[in-house]
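Undergrad: Structure file target-v2.txt, compact mmCIF, C-alpha atoms and all ligand atoms, is pasted below:
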```txt
# COMPACT_ATOMS: atom_id res chain seq x y z
CA MET K 1 -7.22 -54.88 69.39
CA THR K 2 -5.83 -52.70 66.59
CA ASP K 3 -6.15 -54.07 63.05
CA THR K 4 -2.57 -54.15 61.71
CA ARG K 5 -3.51 -55.36 58.22
CA PRO K 6 -2.52 -52.94 55.41
CA ALA K 7 -5.42 -50.81 54.19
CA ASP K 8 -7.07 -52.23 51.03
CA PRO K 9 -6.39 -49.65 48.28
CA VAL K 10 -9.61 -50.63 46.49
CA THR K 11 -12.62 -49.26 48.34
CA PRO K 12 -15.83 -51.34 48.58
CA ALA K 13 -17.53 -48.77 46.32
CA ARG K 14 -14.82 -49.21 43.68
CA LYS K 15 -15.11 -52.99 44.00
CA ALA K 16 -18.86 -52.73 43.33
CA GLU K 17 -18.15 -50.47 40.35
CA ILE K 18 -15.64 -52.99 38.96
CA LEU K 19 -18.21 -55.78 39.26
CA ALA K 20 -20.82 -53.65 37.49
CA GLU K 21 -18.36 -52.97 34.66
CA ALA K 22 -18.41 -56.69 33.86
CA LEU K 23 -22.15 -56.60 33.09
CA PRO K 24 -21.91 -55.80 29.33
CA TYR K 25 -19.44 -58.65 28.89
CA ILE K 26 -21.56 -61.08 30.87
CA LYS K 27 -24.59 -60.11 28.73
CA ARG K 28 -22.59 -60.50 25.53
CA PHE K 29 -21.18 -63.91 26.39
CA PHE K 30 -24.16 -65.30 28.34
CA ASP K 31 -24.85 -68.89 27.25
CA LYS K 32 -21.99 -68.70 24.75
CA THR K 33 -19.20 -71.24 24.50
CA ILE K 34 -15.69 -70.09 25.34
CA VAL K 35 -12.91 -72.56 24.57
CA ILE K 36 -9.91 -72.10 26.85
CA LYS K 37 -6.60 -73.76 26.02
CA TYR K 38 -4.50 -74.14 29.16
CA GLY K 39 -0.93 -74.69 28.01
CA GLY K 40 1.43 -76.89 29.99
CA ASN K 41 3.86 -73.99 30.21
CA ALA K 42 1.23 -71.78 31.86
CA MET K 43 0.53 -74.42 34.55
CA THR K 44 3.45 -73.75 36.79
CA ASP K 45 2.73 -71.79 39.97
CA PRO K 46 0.20 -73.38 42.39
CA HIS K 47 -1.39 -69.99 43.16
CA LEU K 48 -1.82 -69.21 39.45
CA LYS K 49 -3.39 -72.63 38.93
CA GLU K 50 -5.92 -71.88 41.66
CA CYS K 51 -6.65 -68.47 40.08
CA PHE K 52 -7.22 -70.21 36.75
CA ALA K 53 -9.67 -72.67 38.32
CA GLN K 54 -11.53 -69.86 40.13
CA ASP K 55 -11.84 -67.88 36.89
CA VAL K 56 -13.28 -70.89 35.06
CA VAL K 57 -15.83 -71.49 37.82
CA LEU K 58 -16.79 -67.82 37.94
CA LEU K 59 -17.34 -67.76 34.16
CA LYS K 60 -19.56 -70.83 34.44
CA LEU K 61 -21.58 -69.40 37.35
CA VAL K 62 -22.29 -66.13 35.52
CA GLY K 63 -23.76 -68.10 32.63
CA LEU K 64 -20.96 -68.69 30.11
CA ASN K 65 -20.00 -72.17 28.92
CA PRO K 66 -16.26 -72.57 29.41
CA VAL K 67 -14.70 -75.65 27.81
CA VAL K 68 -11.12 -76.34 28.89
CA VAL K 69 -8.59 -78.06 26.63
CA HIS K 70 -5.25 -78.59 28.30
CA GLY K 71 -1.72 -79.35 27.21
CA GLY K 72 1.10 -80.73 29.30
CA GLY K 73 4.25 -80.63 27.17
CA PRO K 74 6.65 -79.90 30.08
CA GLN K 75 4.89 -82.48 32.30
CA ILE K 76 5.33 -85.14 29.56
CA GLU K 77 8.97 -84.13 29.31
CA THR K 78 9.48 -84.71 33.06
CA LEU K 79 8.12 -88.27 32.93
CA LEU K 80 10.02 -89.07 29.73
CA THR K 81 13.23 -88.02 31.48
CA ARG K 82 12.36 -90.23 34.46
CA VAL K 83 12.01 -93.25 32.18
CA GLY K 84 15.25 -92.35 30.43
CA LYS K 85 13.84 -90.99 27.17
CA LYS K 86 14.53 -87.72 25.47
CA GLY K 87 11.69 -85.77 23.82
CA GLU K 88 12.10 -84.56 20.26
CA PHE K 89 9.99 -81.97 18.43
CA ILE K 90 9.67 -81.21 14.74
CA GLN K 91 7.84 -77.98 13.83
CA GLY K 92 6.20 -77.92 17.27
CA MET K 93 5.01 -81.56 17.15
CA ARG K 94 6.38 -84.23 19.48
CA VAL K 95 7.88 -87.21 17.66
CA THR K 96 5.76 -89.94 19.23
CA ASP K 97 6.88 -93.58 19.16
CA ALA K 98 4.81 -96.26 20.92
CA GLU K 99 6.62 -95.89 24.25
CA THR K 100 6.32 -92.09 24.15
CA MET K 101 2.60 -92.47 23.38
CA GLU K 102 2.17 -94.48 26.59
CA VAL K 103 3.84 -91.72 28.59
CA VAL K 104 1.81 -89.01 26.81
CA GLU K 105 -1.48 -90.78 27.55
CA MET K 106 -0.54 -91.33 31.20
CA VAL K 107 0.45 -87.73 31.72
CA LEU K 108 -2.29 -85.99 29.71
CA GLY K 109 -5.21 -88.34 30.34
CA GLY K 110 -4.19 -89.10 33.93
CA GLN K 111 -1.98 -86.73 35.87
CA VAL K 112 -2.65 -83.35 34.23
CA ASN K 113 -6.32 -83.92 33.42
CA LYS K 114 -7.16 -85.04 36.94
CA GLU K 115 -5.18 -82.21 38.51
CA ILE K 116 -7.17 -79.59 36.57
CA VAL K 117 -10.48 -81.37 37.23
CA ASN K 118 -9.66 -81.43 40.92
CA LEU K 119 -8.64 -77.76 41.02
CA ILE K 120 -11.88 -76.68 39.33
CA ASN K 121 -13.95 -78.85 41.65
CA GLN K 122 -12.11 -77.47 44.69
CA ALA K 123 -13.02 -73.99 43.44
CA GLY K 124 -16.71 -74.98 43.45
CA GLY K 125 -17.24 -76.17 39.86
CA LYS K 126 -18.36 -79.51 38.45
CA ALA K 127 -15.55 -80.47 36.12
CA VAL K 128 -15.55 -83.68 34.11
CA GLY K 129 -12.30 -84.93 32.60
CA LEU K 130 -12.26 -86.48 29.13
CA THR K 131 -9.90 -87.57 26.43
CA GLY K 132 -10.97 -87.90 22.81
CA LYS K 133 -11.36 -91.63 23.50
CA ASP K 134 -14.44 -91.00 25.66
CA ALA K 135 -17.42 -91.80 23.44
CA SER K 136 -14.75 -91.64 20.66
CA PHE K 137 -15.57 -87.96 20.44
CA ILE K 138 -12.24 -86.92 18.87
CA ARG K 139 -11.45 -89.12 15.88
CA ALA K 140 -8.03 -88.90 14.30
CA LYS K 141 -5.74 -90.39 11.71
CA LYS K 142 -1.98 -90.39 11.40
CA LEU K 143 -0.59 -86.95 10.63
CA LEU K 144 1.89 -86.54 7.82
CA MET K 145 3.27 -83.05 8.24
CA GLN K 146 4.27 -80.75 5.40
CA LYS K 147 7.89 -79.74 5.86
CA LEU K 148 8.30 -75.95 6.08
CA ASP K 149 10.39 -74.38 3.31
CA ALA K 150 10.07 -77.51 1.19
CA PRO K 151 8.10 -78.33 -1.96
CA ALA K 152 4.45 -79.30 -1.40
CA GLY K 153 4.23 -83.01 -0.68
CA ASP K 154 7.55 -83.18 1.19
CA LEU K 155 6.04 -84.87 4.24
CA ILE K 156 7.46 -85.73 7.67
CA ASP K 157 6.39 -88.80 9.67
CA VAL K 158 6.26 -87.95 13.38
CA GLY K 159 4.94 -91.31 14.61
CA GLN K 160 1.66 -91.56 16.52
CA VAL K 161 0.75 -87.90 16.11
CA GLY K 162 -2.84 -87.45 15.08
CA GLU K 163 -4.64 -85.21 12.66
CA ILE K 164 -8.27 -84.64 13.67
CA THR K 165 -10.77 -86.20 11.26
CA SER K 166 -13.92 -85.38 13.24
CA ILE K 167 -15.17 -84.12 16.58
CA ASP K 168 -18.61 -85.09 17.87
CA PRO K 169 -19.91 -82.03 19.76
CA SER K 170 -22.85 -83.84 21.42
CA LEU K 171 -20.95 -85.04 24.50
CA ILE K 172 -19.69 -81.52 25.25
CA ALA K 173 -23.14 -80.01 24.64
CA PHE K 174 -24.62 -82.58 27.02
CA LEU K 175 -22.11 -81.68 29.76
CA ASP K 176 -22.64 -77.93 29.25
CA LYS K 177 -26.40 -78.33 29.68
CA GLY K 178 -25.88 -80.28 32.89
CA ASP K 179 -23.78 -77.45 34.37
CA PHE K 180 -20.61 -79.51 34.04
CA ILE K 181 -17.33 -78.05 32.87
CA PRO K 182 -15.59 -80.29 30.30
CA VAL K 183 -11.82 -80.61 30.74
CA ILE K 184 -10.31 -82.23 27.66
CA ALA K 185 -6.94 -83.92 27.18
CA PRO K 186 -5.72 -83.79 23.55
CA ILE K 187 -5.79 -87.48 22.70
CA GLY K 188 -7.63 -88.86 19.69
CA VAL K 189 -8.73 -92.30 18.63
CA GLY K 190 -8.34 -93.91 15.20
CA GLU K 191 -10.65 -96.15 13.16
CA GLU K 192 -9.01 -99.26 14.62
CA GLY K 193 -8.92 -97.90 18.16
CA GLU K 194 -5.34 -96.59 17.84
CA THR K 195 -4.29 -93.83 20.24
CA TYR K 196 -3.09 -90.52 18.79
CA ASN K 197 -1.16 -87.71 20.40
CA ILE K 198 -2.58 -84.40 19.16
CA ASN K 199 -1.15 -80.97 19.84
CA ALA K 200 -3.44 -79.28 22.39
CA ASP K 201 -3.65 -76.03 20.41
CA VAL K 202 -4.91 -77.98 17.41
CA VAL K 203 -7.62 -79.66 19.51
CA ALA K 204 -8.65 -76.35 21.09
CA GLY K 205 -8.89 -74.59 17.72
CA LYS K 206 -10.87 -77.34 16.02
CA LEU K 207 -13.16 -77.77 19.01
CA ALA K 208 -13.86 -74.02 19.12
CA GLU K 209 -14.81 -74.23 15.45
CA ILE K 210 -17.08 -77.28 15.85
CA LEU K 211 -18.76 -75.89 18.98
CA LYS K 212 -19.23 -72.52 17.21
CA ALA K 213 -17.49 -70.90 20.15
CA GLU K 214 -17.73 -67.16 20.66
CA LYS K 215 -14.14 -67.01 21.83
CA LEU K 216 -10.97 -69.08 21.83
CA VAL K 217 -8.38 -68.09 24.43
CA LEU K 218 -4.96 -69.76 24.33
CA LEU K 219 -3.02 -69.40 27.61
CA THR K 220 0.73 -69.71 27.28
CA ASN K 221 3.98 -68.58 28.86
CA THR K 222 4.70 -65.44 26.85
CA PRO K 223 2.89 -62.08 26.87
CA GLY K 224 1.51 -63.07 23.45
CA VAL K 225 3.15 -63.23 20.04
CA LEU K 226 6.40 -61.28 20.07
CA ASP K 227 8.34 -59.70 17.22
CA LYS K 228 12.07 -60.27 16.69
CA ALA K 229 12.92 -57.50 19.22
CA GLY K 230 10.66 -59.10 21.84
CA ASN K 231 7.85 -56.54 21.57
CA LEU K 232 4.26 -57.71 21.95
CA LEU K 233 2.22 -57.79 18.73
CA THR K 234 -1.30 -56.97 19.91
CA GLY K 235 -3.09 -57.90 16.67
CA LEU K 236 -2.12 -60.07 13.70
CA THR K 237 -3.66 -60.54 10.27
CA PRO K 238 -3.13 -63.70 8.15
CA ARG K 239 -0.66 -61.84 5.94
CA GLU K 240 1.39 -60.67 8.93
CA ILE K 241 1.39 -64.23 10.30
CA ASP K 242 2.69 -65.59 6.97
CA GLU K 243 5.52 -63.04 7.11
CA LEU K 244 6.43 -63.94 10.70
CA VAL K 245 6.53 -67.65 9.82
CA ALA K 246 8.59 -67.00 6.68
CA ASP K 247 11.21 -64.85 8.43
CA GLY K 248 11.53 -67.28 11.35
CA THR K 249 10.06 -64.96 14.03
CA LEU K 250 7.63 -67.74 14.96
CA SER K 251 9.08 -71.10 15.86
CA GLY K 252 8.59 -74.20 18.01
CA GLY K 253 5.32 -74.43 19.94
CA MET K 254 4.16 -71.09 18.52
CA LEU K 255 3.80 -72.64 15.04
CA PRO K 256 0.89 -75.03 15.77
CA LYS K 257 -0.59 -72.41 18.13
CA ILE K 258 -0.75 -69.65 15.54
CA GLY K 259 -1.89 -72.06 12.82
CA SER K 260 -4.78 -73.29 14.97
CA ALA K 261 -5.67 -69.79 16.09
CA LEU K 262 -5.82 -68.58 12.49
CA ASP K 263 -7.88 -71.57 11.31
CA ALA K 264 -10.36 -70.97 14.14
CA ALA K 265 -10.65 -67.25 13.31
CA ARG K 266 -11.18 -68.02 9.62
CA ASN K 267 -13.76 -70.68 10.38
CA GLY K 268 -16.18 -68.63 12.41
CA VAL K 269 -14.79 -68.27 15.94
CA LYS K 270 -15.52 -64.59 16.59
CA SER K 271 -12.48 -63.72 18.64
CA VAL K 272 -9.22 -65.58 19.11
CA HIS K 273 -6.52 -64.52 21.58
CA ILE K 274 -3.10 -65.78 22.63
CA ILE K 275 -2.53 -64.51 26.17
CA ASP K 276 -0.09 -64.75 29.05
CA GLY K 277 -1.29 -67.49 31.37
CA ARG K 278 1.22 -66.35 34.00
CA VAL K 279 -0.83 -63.23 34.74
CA GLU K 280 -3.16 -63.61 37.73
CA HIS K 281 -6.82 -63.89 36.65
CA CYS K 282 -5.84 -63.45 33.01
CA LEU K 283 -9.09 -65.12 31.93
CA LEU K 284 -11.27 -62.58 33.72
CA LEU K 285 -9.13 -59.78 32.33
CA GLU K 286 -9.52 -61.06 28.79
CA ILE K 287 -13.19 -62.04 28.88
CA LEU K 288 -14.91 -59.70 31.34
CA THR K 289 -12.99 -56.42 30.98
CA ASP K 290 -11.90 -54.14 28.16
CA HIS K 291 -8.26 -54.62 29.15
CA GLY K 292 -7.60 -57.24 26.49
CA VAL K 293 -4.22 -58.82 27.07
CA GLY K 294 -1.95 -60.57 24.57
CA THR K 295 -2.35 -61.00 20.82
CA MET K 296 -5.62 -61.03 18.93
CA ILE K 297 -5.63 -63.17 15.79
CA LYS K 298 -7.73 -61.64 13.01
CA SER K 299 -9.39 -63.58 10.20
CA LYS K 300 -8.44 -61.01 7.55
N1 LIG T 401 7.44 -65.04 18.12
C1 LIG T 401 7.18 -65.70 19.25
N2 LIG T 401 6.49 -65.09 20.24
C2 LIG T 401 6.23 -65.73 21.40
N3 LIG T 401 6.60 -67.02 21.65
C3 LIG T 401 7.28 -67.68 20.69
C4 LIG T 401 7.58 -67.07 19.45
N4 LIG T 401 8.24 -67.96 18.68
C5 LIG T 401 8.38 -69.08 19.41
N5 LIG T 401 7.79 -68.93 20.62
C6 LIG T 401 7.78 -69.97 21.64
O1 LIG T 401 6.50 -70.55 21.76
C7 LIG T 401 6.33 -70.93 23.13
C8 LIG T 401 4.85 -71.20 23.42
O2 LIG T 401 4.47 -72.44 22.84
P1 LIG T 401 4.50 -73.79 23.70
O3 LIG T 401 5.87 -73.99 24.27
O4 LIG T 401 3.96 -74.88 22.86
O5 LIG T 401 3.58 -73.42 24.91
P2 LIG T 401 2.23 -74.03 25.47
O6 LIG T 401 2.63 -75.11 26.43
O7 LIG T 401 1.60 -72.87 26.17
O8 LIG T 401 1.42 -74.52 24.30
C9 LIG T 401 6.93 -69.77 23.88
O9 LIG T 401 7.31 -70.11 25.18
C10 LIG T 401 8.14 -69.42 23.02
O10 LIG T 401 9.28 -70.14 23.47
C1 LIG T 402 1.77 -83.82 19.00
C2 LIG T 402 2.17 -83.03 20.20
O1 LIG T 402 3.15 -82.27 20.15
N1 LIG T 402 1.44 -83.20 21.31
C3 LIG T 402 1.71 -82.50 22.53
C4 LIG T 402 0.48 -82.62 23.41
C5 LIG T 402 0.56 -81.77 24.66
C6 LIG T 402 0.58 -80.30 24.32
O2 LIG T 402 0.23 -79.82 23.26
O3 LIG T 402 1.00 -79.55 25.40
P1 LIG T 402 1.31 -77.98 25.44
O4 LIG T 402 0.07 -77.27 25.08
O5 LIG T 402 1.69 -77.78 26.86
O6 LIG T 402 2.43 -77.69 24.50
C7 LIG T 402 2.95 -83.11 23.25
O7 LIG T 402 3.16 -84.32 23.17
O8 LIG T 402 3.67 -82.34 23.92
```
Spit out the file's structure as structure tokens when you get a sec.
Ligand SMILES: Nc1ncnc2c1ncn2[C@@H]1O[C@H](COP(=O)(O)OP(=O)(O)O)[C@@H](O)[C@H]1O
Ligand SMILES: CC(=O)N[C@@H](CCC(=O)OP(=O)(O)O)C(=O)O
TA:
Amino acid sequence: MTDTRPADPVTPARKAEILAEALPYIKRFFDKTIVIKYGGNAMTDPHLKECFAQDVVLLKLVGLNPVVVHGGGPQIETLLTRVGKKGEFIQGMRVTDAETMEVVEMVLGGQVNKEIVNLINQAGGKAVGLTGKDASFIRAKKLLMQKLDAPAGDLIDVGQVGEITSIDPSLIAFLDKGDFIPVIAPIGVGEEGETYNINADVVAGKLAEILKAEKLVLLTNTPGVLDKAGNLLTGLTPREIDELVADGTLSGGMLPKIGSALDAARNGVKSVHIIDGRVEHCLLLEILTDHGVGTMIKSK
């Protein structure tokens, strides 16, 4: 019978060459921690989600230590709507009353966390899902947020939103050593056992810092940070970021993202990138090739 499948444009020899080209990157990142923030907006298409899970498993099997922190903003929004509530954000943070907190914990700690764990396990990995409540490894206190364009001390109360007070890295280190892949929902616990909703970018940035990660990769639903005309900014210094915040080019969810990315870069994470999670195998592209995608955040 004649094979009617279209000819593969990549020859086996080229495929072998492509694999060999990953060697310097595998050597460089071998046994190093890579924190990957999987934004709720990037988790849309089922095929892309499978690609993401495959990439994470591949990174683990070639000797890197991927740690996944996920968001779930749009997924929280869907359940809030179903229970008749409307979400509200101030400077990229969800205003979280007690009822909203229940929904947030259900969606992040349950639905989204288990979906990602399952996808990674289906792809051949050993993922373990956690929230900051497990072993109380992410401790938090109530966040009082500085209002932008207001005098210092002009604070906004956004309810049960948490500010991280400490992260205990030992649980993650233990999982890494056992070949497990940690998948973390951004929920923290207070001194009295209170539950806190923490922006996932903030958790990813702080965790990357505490784990002394080699890389922090934030997957979102834009090609990276864009200027006012919609052009991709491939690299940003702290001064350029300040200007973009001041002139309103950065808004909404990009505010906590860029703030966390910059803090991580300044506090020792060697490379920090905001990339388009809607690109197939974007993680492999970013980590194992020289075709860096998205925006690199520089420490100076
Ligand atoms: N200058 C900018 N460049 C790119 N995205 C921006 C910018 N300013 C605001 N944004 C918004 O930030 C969003 C990404 O943040 P967010 O919605 O929190 O996504 P995620 O779920 O990935 O964390 C983008 O979809 C875009 O709407
Ligand atoms: C305080 C706060 O805003 N928490 C976020 C946590 C989820 C998150 O950050 O999800 P994304 O990464 O998909 O945006 C929220 O409630 O939406």
Undergrad: For ligand LIG 402 (chain T), collect every residue having any atom at a distance of at most 6 Å from a ligand atom (counting all atoms listed in the file); output as a tab-separated table (two decimals) with C-alpha atoms, in the coordinates of the input.
TA:
```tsv
chain	number	residue	atom	x	y	z
K	39	GLY	CA	-0.93	-74.69	28.01
K	40	GLY	CA	1.43	-76.89	29.99
K	41	ASN	CA	3.86	-73.99	30.21
K	71	GLY	CA	-1.72	-79.35	27.21
K	72	GLY	CA	1.10	-80.73	29.30
K	73	GLY	CA	4.25	-80.63	27.17
K	93	MET	CA	5.01	-81.56	17.15
K	94	ARG	CA	6.38	-84.23	19.48
K	161	VAL	CA	0.75	-87.90	16.11
K	197	ASN	CA	-1.16	-87.71	20.40
K	198	ILE	CA	-2.58	-84.40	19.16
K	199	ASN	CA	-1.15	-80.97	19.84
K	200	ALA	CA	-3.44	-79.28	22.39
```
Undergrad: Counting all atoms listed in the file, what residues are within 10 Å of ligand LIG 401 (chain T), given as an NGL selection string?
TA: :K and (37-43 or 70-75 or 92-93 or 199-202 or 218-233 or 241 or 244-245 or 248-258 or 274-277 or 295)
Undergrad: Find the spatial neighbours of segment 50-62 of chain K, counting all atoms listed in the file, within a cut-off of 6 Å - ignore same-chain residues fewer than 3 positions away - and output them as an NGL selection string.
TA: :K and (47 or 65 or 119-120 or 123 or 125 or 281)
Undergrad: As an exercise, work out the distance from atom CA of Ile297 of chain K to atom CA of Ile36 of chain K in Å and give it to one decimal place.
TA: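 Between atom CA of Ile297 of chain K and atom CA of Ile36 of chain K the gap works out to 14.8 Å.
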Undergrad: Measuring between only C-alpha atoms, which one of K:Glu194, K:Val203, K:Glu105, K:Asp149 shows the shortest distance to Asp247 of chain K?
TA: K:Asp149
Undergrad: Could you work out how far atom CA of Leu80 of chain K lies from atom CA of Gly205 of chain K, giving the answer in Å with one decimal?
TA: 26.7 Å
Undergrad: Pick out the closest residue to Leu108 of chain K from this set: K:Asp168, K:Val69, K:Thr81, K:Val128. Count all atoms listed in the file.
TA: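 Answer, going by the shortest atom-to-atom distance: K:Val69.
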Undergrad: Here is a test: counting all atoms listed in the file, which residue of K:Gln91, K:Asn121, K:Thr78, K:Ser260 is nearest to Val107 of chain K?
TA: K:Thr78
Undergrad: Find the residue from K:Cys282, K:Ala135, K:Ala152, K:Ile76 that sits nearest to Gly110 of chain K; use only C-alpha atoms when measuring.
TA: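 Ranked by minimum distance to Gly110 of chain K, first place goes to K:Ile76.
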Undergrad: Write out as a ChimeraX atom specification which residues come within 12 Å of Asp157 of chain K when counting all atoms listed in the file, dropping same-chain ones fewer than 5 positions away.
TA: /K:89-91,93-97,142-147,162-163
Undergrad: Return the single residue from K:Asp179, K:Glu192, K:Glu99, K:Glu115 that is closest to Lys133 of chain K, with distances computed using only C-alpha atoms.
TA: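 Residue with the minimum atom-to-atom distance to Lys133 of chain K: K:Glu192.
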Undergrad: So how many Å separate atom CA of Asp242 of chain K and atom CA of Ser299 of chain K, to one decimal?
TA: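 Between these atoms lies a distance of 12.7 Å.
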Undergrad: Using only C-alpha atoms, can you tell me which of K:Ala185, K:Val272, K:Val158, K:Ala173 comes closest to Leu216 of chain K?
TA: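 Of the candidates, the smallest distance to Leu216 of chain K is held by K:Val272.
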Undergrad: Dig up all the protein and nucleic acid residues within 6 Å of (-13.1, -66.1, 28.3) in the file frame, using all atoms listed in the file, and format them as a PDB file with C-alpha atoms, in the coordinates of the input.
TA:
```pdb
ATOM      1  CA  ILE K  34     -15.690 -70.090  25.340  1.00  0.00           C
ATOM      2  CA  LEU K 283      -9.090 -65.120  31.930  1.00  0.00           C
ATOM      3  CA  ILE K 287     -13.190 -62.040  28.880  1.00  0.00           C
TER       4      ILE K 287
END
```
